[in-house]
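> Coordinates in run-v2.txt, compact mmCIF, C-alpha atoms and all ligand atoms, are listed below.
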```txt
# COMPACT_ATOMS: atom_id res chain seq x y z
CA MET A 1 14.80 21.85 -27.70
CA GLY A 2 16.16 23.14 -24.39
CA LEU A 3 14.67 23.96 -21.01
CA ASN A 4 14.92 27.32 -19.24
CA TYR A 5 13.81 28.47 -15.82
CA ARG A 6 12.96 32.18 -16.04
CA GLY A 7 15.43 32.62 -18.90
CA TYR A 8 18.33 30.60 -17.47
CA ASP A 9 19.36 27.42 -19.25
CA ILE A 10 18.86 24.31 -17.12
CA VAL A 11 22.36 23.14 -18.08
CA ASP A 12 23.90 26.30 -16.56
CA LEU A 13 21.75 26.07 -13.47
CA ALA A 14 22.55 22.39 -12.87
CA LYS A 15 26.25 23.13 -13.28
CA ASN A 16 26.53 26.31 -11.23
CA SER A 17 23.59 26.59 -8.81
CA THR A 18 22.25 24.87 -5.76
CA PHE A 19 18.61 23.85 -5.45
CA GLU A 20 17.99 26.74 -3.01
CA ASP A 21 19.40 29.20 -5.58
CA VAL A 22 17.06 27.77 -8.23
CA ALA A 23 14.06 27.60 -5.87
CA TYR A 24 14.54 31.30 -5.07
CA LEU A 25 14.75 32.08 -8.79
CA ILE A 26 11.55 30.20 -9.51
CA LEU A 27 9.62 31.64 -6.56
CA PHE A 28 10.81 35.25 -6.71
CA GLY A 29 11.72 35.65 -10.39
CA LYS A 30 15.44 36.42 -10.05
CA LEU A 31 18.60 34.81 -8.78
CA PRO A 32 19.29 35.79 -5.16
CA THR A 33 22.24 37.81 -3.89
CA SER A 34 24.37 35.93 -1.38
CA LYS A 35 22.58 37.72 1.50
CA GLN A 36 19.16 36.85 0.08
CA LEU A 37 20.23 33.24 -0.38
CA GLU A 38 21.46 33.05 3.21
CA GLU A 39 18.16 34.47 4.52
CA PHE A 40 16.19 32.14 2.26
CA LEU A 41 18.07 29.11 3.62
CA ASP A 42 17.40 30.33 7.19
CA GLN A 43 13.67 30.48 6.37
CA ILE A 44 13.78 26.97 4.92
CA VAL A 45 15.61 25.62 7.98
CA LYS A 46 12.91 27.12 10.26
CA ALA A 47 10.20 25.69 7.99
CA ARG A 48 11.51 22.15 8.68
CA TYR A 49 9.75 22.17 12.03
CA LEU A 50 7.23 19.30 12.34
CA PRO A 51 4.24 20.22 14.56
CA ALA A 52 3.18 17.61 17.15
CA GLN A 53 -0.25 17.12 15.50
CA LEU A 54 1.41 16.36 12.18
CA LYS A 55 3.79 13.85 13.79
CA GLU A 56 0.78 12.17 15.35
CA ILE A 57 -0.90 11.86 11.96
CA LEU A 58 2.33 10.60 10.32
CA GLU A 59 2.64 7.92 13.00
CA ARG A 60 -0.85 6.65 12.15
CA ILE A 61 -0.12 6.24 8.42
CA PRO A 62 0.62 2.53 7.81
CA VAL A 63 3.86 1.31 6.28
CA ASP A 64 2.20 -0.22 3.22
CA VAL A 65 0.49 2.91 1.86
CA HIS A 66 1.71 4.57 -1.30
CA PRO A 67 4.06 7.28 0.06
CA MET A 68 2.47 9.79 -2.31
CA ASP A 69 -0.77 9.37 -0.36
CA MET A 70 1.21 10.29 2.74
CA MET A 71 2.65 13.38 0.98
CA ARG A 72 -0.85 14.41 -0.14
CA THR A 73 -1.99 14.08 3.47
CA VAL A 74 0.92 16.23 4.72
CA SER A 75 -0.14 19.04 2.39
CA SER A 76 -3.82 18.68 3.21
CA PHE A 77 -3.31 18.37 6.99
CA LEU A 78 -0.92 21.32 7.15
CA GLY A 79 -3.61 23.35 5.37
CA LEU A 80 -5.89 22.42 8.23
CA ILE A 81 -3.60 23.29 11.17
CA GLU A 82 -1.75 26.19 9.53
CA PRO A 83 -4.31 27.55 7.05
CA GLU A 84 -3.46 30.19 4.50
CA THR A 85 -4.70 33.52 5.84
CA LYS A 86 -4.22 37.16 4.97
CA GLU A 87 -1.46 37.28 7.63
CA ASN A 88 0.69 34.44 6.28
CA ASP A 89 0.99 35.27 2.62
CA GLN A 90 1.31 32.71 -0.15
CA TYR A 91 5.13 33.04 -0.24
CA GLU A 92 5.32 31.97 3.40
CA VAL A 93 3.09 28.97 2.72
CA ALA A 94 5.26 27.97 -0.25
CA ILE A 95 8.45 28.16 1.85
CA ARG A 96 6.78 26.26 4.69
CA LEU A 97 5.98 23.40 2.29
CA LEU A 98 9.43 23.60 0.70
CA GLY A 99 10.98 23.16 4.15
CA ILE A 100 8.65 20.57 5.61
CA PHE A 101 8.11 17.99 2.84
CA GLY A 102 11.53 16.27 3.24
CA PRO A 103 11.47 16.02 7.06
CA ALA A 104 7.80 14.88 7.05
CA MET A 105 8.59 12.18 4.50
CA ALA A 106 11.65 10.97 6.45
CA TYR A 107 9.72 11.06 9.75
CA TRP A 108 6.95 8.87 8.33
CA TYR A 109 9.41 6.53 6.58
CA HIS A 110 11.50 5.76 9.67
CA PHE A 111 8.55 5.55 12.06
CA ALA A 112 6.54 3.31 9.73
CA HIS A 113 9.47 1.00 8.98
CA SER A 114 11.20 0.79 12.34
CA GLY A 115 9.32 2.81 14.94
CA VAL A 116 12.15 5.39 15.09
CA ARG A 117 11.14 9.01 15.78
CA ILE A 118 13.71 11.17 14.00
CA ASN A 119 14.74 14.70 14.89
CA GLU A 120 13.98 16.68 11.73
CA GLN A 121 16.60 19.36 12.39
CA THR A 122 20.14 18.59 11.24
CA GLY A 123 22.74 21.38 10.87
CA ASN A 124 21.26 24.88 10.71
CA LYS A 125 23.15 25.58 7.48
CA ASP A 126 22.20 22.26 5.85
CA THR A 127 20.64 22.58 2.43
CA ILE A 128 17.48 20.66 1.57
CA ALA A 129 19.55 17.94 -0.15
CA CYS A 130 21.97 17.64 2.77
CA ASN A 131 19.16 17.52 5.35
CA LEU A 132 17.37 14.87 3.31
CA VAL A 133 20.43 12.64 2.92
CA LYS A 134 21.24 12.86 6.64
CA LEU A 135 17.64 12.13 7.63
CA LEU A 136 17.27 9.21 5.24
CA HIS A 137 20.54 7.62 6.34
CA LEU A 138 20.05 8.55 10.00
CA SER A 139 23.53 10.00 9.97
CA GLN A 140 25.22 13.15 11.32
CA THR A 141 27.29 13.37 8.14
CA ALA A 142 26.52 13.13 4.45
CA ASP A 143 28.73 12.14 1.52
CA PRO A 144 29.22 15.31 -0.62
CA ILE A 145 28.90 13.35 -3.90
CA ILE A 146 25.54 11.95 -2.81
CA VAL A 147 24.36 15.34 -1.57
CA ARG A 148 25.29 16.99 -4.86
CA ALA A 149 23.60 14.24 -6.91
CA VAL A 150 20.37 14.74 -4.93
CA ASP A 151 20.76 18.53 -5.13
CA VAL A 152 21.08 18.42 -8.93
CA SER A 153 18.10 16.09 -9.23
CA LEU A 154 16.04 18.62 -7.23
CA ILE A 155 17.13 21.35 -9.65
CA LEU A 156 16.10 19.25 -12.64
CA TYR A 157 12.67 18.33 -11.27
CA ALA A 158 11.78 21.85 -10.07
CA GLU A 159 9.67 23.20 -12.93
CA HIS A 160 8.27 22.06 -16.25
CA ASP A 161 5.58 24.42 -17.56
CA PHE A 162 2.07 23.00 -18.08
CA ASN A 163 2.66 19.36 -17.13
CA ALA A 164 -0.36 17.51 -15.68
CA SER A 165 0.28 18.24 -11.98
CA THR A 166 1.01 21.94 -12.54
CA PHE A 167 -2.13 22.21 -14.62
CA ALA A 168 -4.10 20.53 -11.81
CA ALA A 169 -2.71 23.07 -9.31
CA ARG A 170 -3.69 25.96 -11.55
CA VAL A 171 -7.19 24.62 -12.18
CA THR A 172 -7.70 24.24 -8.43
CA VAL A 173 -6.56 27.74 -7.43
CA SER A 174 -8.39 29.28 -10.39
CA THR A 175 -11.57 28.58 -8.37
CA LEU A 176 -10.05 30.83 -5.64
CA ALA A 177 -9.37 27.77 -3.49
CA ASP A 178 -6.50 28.00 -1.00
CA PHE A 179 -2.82 27.32 -1.74
CA TYR A 180 -2.77 23.96 0.06
CA SER A 181 -5.69 22.68 -2.03
CA GLY A 182 -3.75 23.55 -5.18
CA ILE A 183 -0.72 21.61 -3.95
CA THR A 184 -2.84 18.68 -2.74
CA SER A 185 -4.41 18.38 -6.22
CA ALA A 186 -0.97 18.55 -7.80
CA ILE A 187 0.41 15.76 -5.58
CA GLY A 188 -2.53 13.51 -6.44
CA THR A 189 -1.88 14.13 -10.12
CA LEU A 190 1.86 13.58 -9.89
CA ARG A 191 1.26 10.18 -8.27
CA GLY A 192 0.53 8.32 -11.54
CA PRO A 193 3.22 6.28 -13.35
CA LEU A 194 2.80 8.22 -16.60
CA HIS A 195 3.91 11.38 -14.75
CA GLY A 196 5.89 11.44 -11.49
CA GLY A 197 5.75 7.73 -10.79
CA ALA A 198 7.90 6.84 -13.80
CA ASN A 199 11.26 6.90 -11.96
CA GLU A 200 9.96 4.33 -9.47
CA ALA A 201 8.63 2.17 -12.30
CA VAL A 202 12.11 2.30 -13.91
CA MET A 203 13.76 1.09 -10.71
CA GLN A 204 11.23 -1.71 -10.38
CA TYR A 205 12.42 -3.27 -13.63
CA LEU A 206 16.09 -2.33 -13.22
CA GLN A 207 16.34 -4.08 -9.87
CA ASN A 208 15.35 -7.39 -11.49
CA LEU A 209 18.10 -7.18 -14.11
CA HIS A 210 21.44 -8.57 -12.99
CA SER A 211 23.29 -8.85 -16.30
CA ILE A 212 23.33 -7.50 -19.86
CA GLU A 213 21.76 -10.83 -20.95
CA GLU A 214 18.83 -10.33 -18.59
CA ALA A 215 18.46 -6.76 -19.82
CA ASN A 216 18.34 -8.05 -23.41
CA ALA A 217 15.69 -10.62 -22.52
CA PHE A 218 13.62 -7.89 -20.82
CA LEU A 219 13.92 -5.61 -23.86
CA ASN A 220 13.17 -8.36 -26.38
CA GLU A 221 10.01 -9.29 -24.51
CA SER A 222 8.94 -5.63 -24.10
CA PHE A 223 9.50 -4.89 -27.79
CA LYS A 224 7.62 -8.03 -28.82
CA SER A 225 4.61 -7.32 -26.63
CA LYS A 226 4.75 -3.55 -27.41
CA LYS A 227 5.01 -2.79 -23.70
CA LEU A 228 5.80 0.78 -22.62
CA ILE A 229 9.36 1.01 -21.38
CA MET A 230 9.21 3.37 -18.47
CA GLY A 231 11.69 6.23 -18.45
CA PHE A 232 11.59 6.64 -22.24
CA GLY A 233 9.60 9.00 -24.44
CA HIS A 234 8.20 12.42 -23.68
CA ARG A 235 5.14 14.36 -24.76
CA VAL A 236 7.24 17.49 -25.40
CA TYR A 237 10.82 16.30 -26.09
CA LYS A 238 10.56 13.99 -29.07
CA ASN A 239 14.32 14.09 -29.75
CA GLY A 240 15.66 13.82 -26.23
CA ASP A 241 15.07 15.33 -22.82
CA PRO A 242 17.73 18.01 -22.08
CA ARG A 243 17.75 16.93 -18.42
CA SER A 244 18.62 13.32 -19.13
CA ASP A 245 22.31 13.79 -19.95
CA ILE A 246 22.80 15.88 -16.81
CA ILE A 247 21.42 13.28 -14.43
CA LYS A 248 23.12 10.50 -16.42
CA GLU A 249 26.49 12.08 -15.53
CA TYR A 250 25.64 11.69 -11.84
CA SER A 251 24.54 8.09 -12.25
CA LYS A 252 27.89 7.44 -13.96
CA LEU A 253 29.90 9.38 -11.36
CA LEU A 254 28.28 7.47 -8.51
CA SER A 255 29.03 4.16 -10.23
CA GLU A 256 32.71 5.13 -10.75
CA LYS A 257 33.45 6.80 -7.41
CA GLN A 258 31.61 4.01 -5.63
CA PRO A 259 30.37 5.80 -2.52
CA LYS A 260 28.47 3.52 -0.15
CA PHE A 261 25.65 2.64 -2.56
CA GLY A 262 27.47 2.97 -5.91
CA LYS A 263 26.87 0.17 -8.42
CA LYS A 264 28.89 -0.21 -11.61
CA LEU A 265 26.65 -2.85 -13.12
CA LEU A 266 23.44 -0.86 -12.55
CA TYR A 267 24.87 2.01 -14.58
CA GLN A 268 26.20 -0.31 -17.30
CA ILE A 269 22.83 -2.04 -17.64
CA SER A 270 21.04 1.32 -17.75
CA GLU A 271 23.35 2.54 -20.50
CA HIS A 272 22.84 -0.66 -22.46
CA ILE A 273 19.06 -0.27 -22.22
CA GLU A 274 19.33 3.34 -23.37
CA THR A 275 21.39 2.34 -26.43
CA ARG A 276 18.95 -0.34 -27.51
CA VAL A 277 15.74 1.68 -26.92
CA VAL A 278 17.18 4.68 -28.78
CA ASN A 279 18.42 2.57 -31.71
CA GLU A 280 15.53 0.18 -32.02
CA LYS A 281 12.53 2.24 -30.80
CA LYS A 282 13.74 5.79 -31.45
CA LYS A 283 12.58 6.72 -27.95
CA PHE A 284 14.99 8.77 -25.84
CA PRO A 285 15.44 8.57 -22.07
CA ASN A 286 13.54 11.17 -20.09
CA LEU A 287 14.69 12.60 -16.75
CA ASP A 288 13.16 9.65 -14.89
CA PHE A 289 15.32 6.98 -16.50
CA TYR A 290 18.73 7.91 -15.05
CA SER A 291 17.15 9.44 -11.95
CA ALA A 292 16.25 5.90 -10.94
CA SER A 293 19.85 4.61 -10.92
CA THR A 294 21.07 7.91 -9.45
CA TYR A 295 18.67 7.80 -6.50
CA HIS A 296 19.32 4.10 -5.95
CA GLN A 297 23.06 4.76 -5.76
CA CYS A 298 22.36 7.58 -3.29
CA GLY A 299 20.73 5.02 -1.00
CA VAL A 300 17.22 6.41 -1.52
CA PRO A 301 14.50 3.76 -1.08
CA THR A 302 12.56 3.33 -4.36
CA GLU A 303 9.20 4.16 -2.76
CA LEU A 304 10.51 7.65 -1.94
CA PHE A 305 11.53 8.62 -5.50
CA THR A 306 8.21 10.29 -6.34
CA PRO A 307 7.84 12.02 -2.95
CA ILE A 308 11.29 13.58 -3.59
CA PHE A 309 9.87 14.87 -6.88
CA VAL A 310 7.24 16.66 -4.72
CA MET A 311 10.00 18.23 -2.57
CA SER A 312 11.38 19.79 -5.72
CA ARG A 313 8.30 20.53 -7.84
CA ILE A 314 6.65 22.45 -5.00
CA THR A 315 8.69 25.39 -6.34
CA GLY A 316 7.26 25.17 -9.87
CA TRP A 317 3.73 24.56 -8.60
CA ALA A 318 4.01 27.55 -6.25
CA ALA A 319 5.25 29.89 -8.99
CA HIS A 320 2.37 28.81 -11.23
CA ILE A 321 -0.11 29.39 -8.41
CA PHE A 322 1.32 32.91 -7.90
CA GLU A 323 1.03 33.56 -11.64
CA GLN A 324 -2.52 32.18 -11.86
CA ARG A 325 -3.64 34.31 -8.93
CA ALA A 326 -2.00 37.47 -10.27
CA ASN A 327 -4.33 37.44 -13.27
CA ASN A 328 -6.96 34.88 -12.41
CA LYS A 329 -9.61 33.52 -14.69
CA LEU A 330 -11.53 30.33 -13.86
CA ILE A 331 -10.10 27.44 -15.89
CA ARG A 332 -13.15 25.57 -17.09
CA PRO A 333 -12.77 23.69 -20.38
CA THR A 334 -15.90 22.46 -22.12
CA SER A 335 -16.31 18.95 -23.51
CA ASN A 336 -17.98 17.61 -26.60
CA TYR A 337 -20.74 15.18 -25.54
CA ILE A 338 -21.15 12.43 -28.15
CA GLY A 339 -23.69 10.14 -26.39
CA PRO A 340 -27.42 9.74 -27.21
CA GLN A 341 -29.61 12.86 -27.41
CA LYS A 342 -33.28 13.80 -26.94
CA LEU A 343 -34.33 10.62 -25.07
CA SER A 344 -37.85 10.36 -23.57
CA PHE A 345 -37.82 10.03 -19.78
CA VAL A 346 -38.65 6.47 -18.56
CA PRO A 347 -40.43 6.19 -15.16
CA LEU A 348 -38.59 3.98 -12.66
CA ASN A 349 -41.14 1.11 -12.75
CA GLN A 350 -40.94 0.86 -16.56
CA ARG A 351 -37.13 0.65 -16.87
CA LEU A 352 -35.61 -2.60 -18.16
N1 LIG A 401 8.17 2.56 -24.66
C1 LIG A 401 7.68 1.96 -25.76
N2 LIG A 401 6.90 2.59 -26.65
C2 LIG A 401 6.64 3.88 -26.44
C3 LIG A 401 7.13 4.58 -25.33
C4 LIG A 401 7.92 3.86 -24.42
N3 LIG A 401 8.40 4.45 -23.31
N4 LIG A 401 6.69 5.85 -25.36
C5 LIG A 401 5.94 5.95 -26.46
N5 LIG A 401 5.90 4.75 -27.10
C6 LIG A 401 5.16 4.44 -28.33
C7 LIG A 401 3.66 4.53 -28.04
O1 LIG A 401 3.15 3.30 -27.52
C8 LIG A 401 3.13 4.88 -29.37
O2 LIG A 401 3.14 3.74 -30.19
P1 LIG A 401 1.98 3.46 -31.30
O3 LIG A 401 2.07 4.62 -32.24
O4 LIG A 401 2.37 2.16 -31.88
O5 LIG A 401 0.69 3.44 -30.53
C9 LIG A 401 4.14 5.85 -29.91
O6 LIG A 401 5.38 5.46 -29.29
C10 LIG A 401 3.74 7.28 -29.54
O7 LIG A 401 4.84 8.02 -29.21
P2 LIG A 401 4.72 9.52 -28.71
O8 LIG A 401 3.65 10.24 -29.47
O9 LIG A 401 6.08 10.11 -28.70
O10 LIG A 401 4.30 9.34 -27.17
P3 LIG A 401 3.19 10.11 -26.35
O11 LIG A 401 3.40 11.59 -26.46
O12 LIG A 401 1.85 9.58 -26.65
O13 LIG A 401 3.53 9.66 -24.85
C11 LIG A 401 4.63 9.45 -22.81
C12 LIG A 401 4.49 10.28 -24.06
C13 LIG A 401 5.62 10.10 -21.86
C14 LIG A 401 3.26 9.39 -22.08
C15 LIG A 401 5.09 8.05 -23.18
O14 LIG A 401 6.29 8.15 -23.91
C16 LIG A 401 5.23 7.12 -22.02
O15 LIG A 401 4.22 6.61 -21.50
N6 LIG A 401 6.50 6.88 -21.54
C17 LIG A 401 6.72 5.99 -20.43
C18 LIG A 401 6.34 6.66 -19.12
C19 LIG A 401 7.34 7.70 -18.70
O16 LIG A 401 8.54 7.48 -18.75
N7 LIG A 401 6.80 8.83 -18.24
C20 LIG A 401 7.60 9.93 -17.78
C21 LIG A 401 7.39 11.12 -18.65
S1 LIG A 401 8.49 12.42 -18.22
```
Any chance you could put this one into structure tokens?
Ligand code: COA

Amino acid sequence: MGLNYRGYDIVDLAKNSTFEDVAYLILFGKLPTSKQLEEFLDQIVKARYLPAQLKEILERIPVDVHPMDMMRTVSSFLGLIEPETKENDQYEVAIRLLGIFGPAMAYWYHFAHSGVRINEQTGNKDTIACNLVKLLHLSQTADPIIVRAVDVSLILYAEHDFNASTFAARVTVSTLADFYSGITSAIGTLRGPLHGGANEAVMQYLQNLHSIEEANAFLNESFKSKKLIMGFGHRVYKNGDPRSDIIKEYSKLLSEKQPKFGKKLLYQISEHIETRVVNEKKKFPNLDFYSASTYHQCGVPTELFTPIFVMSRITGWAAHIFEQRANNKLIRPTSNYIGPQKLSFVPLNQRL
């Protein structure tokens, strides 16, 4: 089973496109011409601007919060100071969020950890991946291998039909709520470890494993106690996630080329875990498994893995919101109540 974005195979897109190319495709329904892509990047660069009120809020968010709570606040607060109106249409709001999520995340991260106030603007032709890498590393330059690895990960995370967070966004806007409310619901839903938080959970166990022997001990214990091994299994892809091999290549490349954060052993341990879980549990790695070692080798702090998912999935969420609104019907499932029925009312002073 493969994965397509608007008819294009994810394998082709990951090989030939940039994230901006794919984001345009998802938002506007077709691949851009080179002029359209250039204009789109210009819009994204402008949308990086962090308003003073938002910076003030980011500076008040403590260092020990879950960064997804910070991302949810960015979406919610921006909806307050730059509300969706008839004048700024939903496409503008989507591009604003696409541009601002990375800089807002990096601003909060550096201020919370070291009191540094970053300048969100890097080069005015920098892609989202390049801007992110420069901001995270507080550097004027960015290693092209790392930028491409992050860029491809953004492509792979961009859209995935009716997953939980997308569904949450659609339910929210189906009530005719504003765009920001849809995205805020989606971020809250993506936060959980069974959805977006899985790549962080993978890194949390990988970072404690320093040899193949330790990996074996971890697996033996997990198998024995029937513990979920994060980064494996998928509700839709029972025989393998088509995105996993693509991101695995980048994890491998980073471990071989050894840019600043490359780690041979991390990749070898990951591959060993994959082999054993596939052979012994018949569960295949999902996108999150090799994303963990890829991001780690790109020098991305583990706590920012899921917020980076937001930077990418904003495109899929936005396209679903557009689609929901184009032919809206309130999404309101019913439930089957199975508790007691026909009880006689008990006055307060007679209740036990
Ligand atoms: N590790 C160990 N066992 C797993 C497993 C994993 N990662 N994923 C599924 N299983 C087991 C279940 O416990 C269950 O066992 P049981 O029948 O003994 O109760 C069985 O396999 C069910 O498999 P399946 O129907 O394929 O899973 P699902 O559709 O219910 O769940 C996930 C899908 C994604 C929720 C689940 O695989 C999971 O929680 N994975 C880890 C979290 C993760 O990586 N999430 C990111 C998803 S992109």
> Give me the residues within 12 Å of A:Leu194 as a list in words, counting all atoms listed in the file and dropping any in the same chain fewer than 2 places off.
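With the cut-off at 12 Å, the set is Asn163, Ala164, Ser165, Thr189, Leu190, Arg191, Gly192, Gly196, Gly197, Ala198, Asn199, Glu200, Ala201, Val202, Leu228, Ile229, Met230, Gly231, Phe232, Gly233, His234, Arg235, Asn286, Asp288 and Thr306 of chain A.
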> Give me the residues within 10 Å of A:Asp69 as number ranges by chain, counting all atoms listed in the file and dropping any in the same chain fewer than 2 places off.
A: 61, 65-67, 71-74, 184, 187-188, 191, 307
> Between A:Gln258, A:Ser222, A:Ser75, A:Ser293, which is the closest to ligand LIG 401 (chain A) once you count all atoms listed in the file?
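The answer is A:Ser222, which sits nearest to ligand LIG 401 (chain A).
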> Can you list, as a list in words, every protein, DNA or RNA residue that comes within 7 Å of A:Ser244 when you count all atoms listed in the file, leaving out same-chain residues fewer than 4 positions away?
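Here the qualifying residues turn out to be Lys248, Pro285, Asn286, Leu287 and Tyr290 of chain A.
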> For atom CA of A:Val173 and atom CA of A:Phe19, quote the distance in Å rounded to one decimal.
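Atom CA of A:Phe19 lies 25.5 Å from atom CA of A:Val173.
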> Using atom CA of A:Glu20 and atom CA of A:Val310 as the two end points, give the distance in Å to one decimal.
14.8 Å
> What lies within 8 Å of A:Val152 using only C-alpha atoms, ignoring chain neighbours under 5 positions off, as a list of chain:residue names?
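Neighbouring residues, sequence-local ones excluded: A:Ala14, A:Thr18, A:Phe19, A:Ile247.
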> From the list A:Tyr5, A:Tyr295, A:Phe284, A:Phe28, which residue is nearest ligand LIG 401 (chain A) when using all atoms listed in the file?
A:Phe284
> Please report the interatomic distance between atom CA of A:Lys238 and atom C18 of ligand LIG 401 (chain A) in Å with one decimal.
13.1 Å
> In terms of the shortest atom-to-atom distance over all atoms listed in the file, which of A:Leu266, A:Leu209, A:Ile26, A:Leu3 is closest to A:Ser312?
A:Ile26
> Just the residues within 12 Å of A:Ile145, please, counting only C-alpha atoms, with nothing from its chain fewer than 4 positions along; format it as a list in words.
Ala129, Cys130, Val133, Ala149, Val150, Asp151, Val152, Glu249, Tyr250, Ser251, Lys252, Leu253, Leu254, Ser255, Glu256, Lys257, Gln258, Pro259, Lys260, Phe261, Gly262, Thr294, Tyr295, Gln297 and Cys298 of chain A
> May I ask which of the residues A:Tyr180, A:Tyr49, A:Phe167, A:Phe162 is the closest one to A:Ile118, counting all atoms listed in the file?
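Of A:Tyr180, A:Tyr49, A:Phe167, A:Phe162, the one nearest A:Ile118, counting all atoms listed in the file, is A:Tyr49.
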> Would you be able to write out as an mmCIF file with C-alpha atoms, in the frame of the given file which residues have an atom within 9 Å of (-2.1, 30.0, -9.3) in the file's coordinates, counting only C-alpha atoms?

```cif
data_model
loop_
_atom_site.group_PDB
_atom_site.id
_atom_site.type_symbol
_atom_site.label_atom_id
_atom_site.label_comp_id
_atom_site.auth_asym_id
_atom_site.auth_seq_id
_atom_site.Cartn_x
_atom_site.Cartn_y
_atom_site.Cartn_z
ATOM 1 C CA ALA A 169 -2.710 23.070 -9.310
ATOM 2 C CA ARG A 170 -3.690 25.960 -11.550
ATOM 3 C CA VAL A 171 -7.190 24.620 -12.180
ATOM 4 C CA THR A 172 -7.700 24.240 -8.430
ATOM 5 C CA VAL A 173 -6.560 27.740 -7.430
ATOM 6 C CA SER A 174 -8.390 29.280 -10.390
ATOM 7 C CA LEU A 176 -10.050 30.830 -5.640
ATOM 8 C CA PHE A 179 -2.820 27.320 -1.740
ATOM 9 C CA GLY A 182 -3.750 23.550 -5.180
ATOM 10 C CA TRP A 317 3.730 24.560 -8.600
ATOM 11 C CA ALA A 318 4.010 27.550 -6.250
ATOM 12 C CA ALA A 319 5.250 29.890 -8.990
ATOM 13 C CA HIS A 320 2.370 28.810 -11.230
ATOM 14 C CA ILE A 321 -0.110 29.390 -8.410
ATOM 15 C CA PHE A 322 1.320 32.910 -7.900
ATOM 16 C CA GLU A 323 1.030 33.560 -11.640
ATOM 17 C CA GLN A 324 -2.520 32.180 -11.860
ATOM 18 C CA ARG A 325 -3.640 34.310 -8.930
ATOM 19 C CA ALA A 326 -2.000 37.470 -10.270
ATOM 20 C CA ASN A 327 -4.330 37.440 -13.270
ATOM 21 C CA ASN A 328 -6.960 34.880 -12.410
#
```
> Check the smallest atom-to-atom distance from each of A:Leu343, A:Leu58, A:Leu37, A:Leu219 to A:Glu274 using all atoms listed in the file, then report the winner.
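Of all the options, A:Leu219 lies closest to A:Glu274.
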> Write out as lines of an AutoDock Vina configuration file an axis-aligned box for stretch 2-12 of chain A: all of its atoms listed in the file, 6 Å added on each side, centre and edge lengths in Å with one decimal.

```
center_x = 18.4
center_y = 27.9
center_z = -20.1
size_x = 22.9
size_y = 21.5
size_z = 20.6
```
> Rank A:Val278, A:Ile155, A:Thr33, A:Leu138 by their smallest atom-to-atom distance to A:Asp12, using all atoms listed in the file, and report the top residue only.
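Smallest separation from A:Asp12 among the options: A:Ile155.
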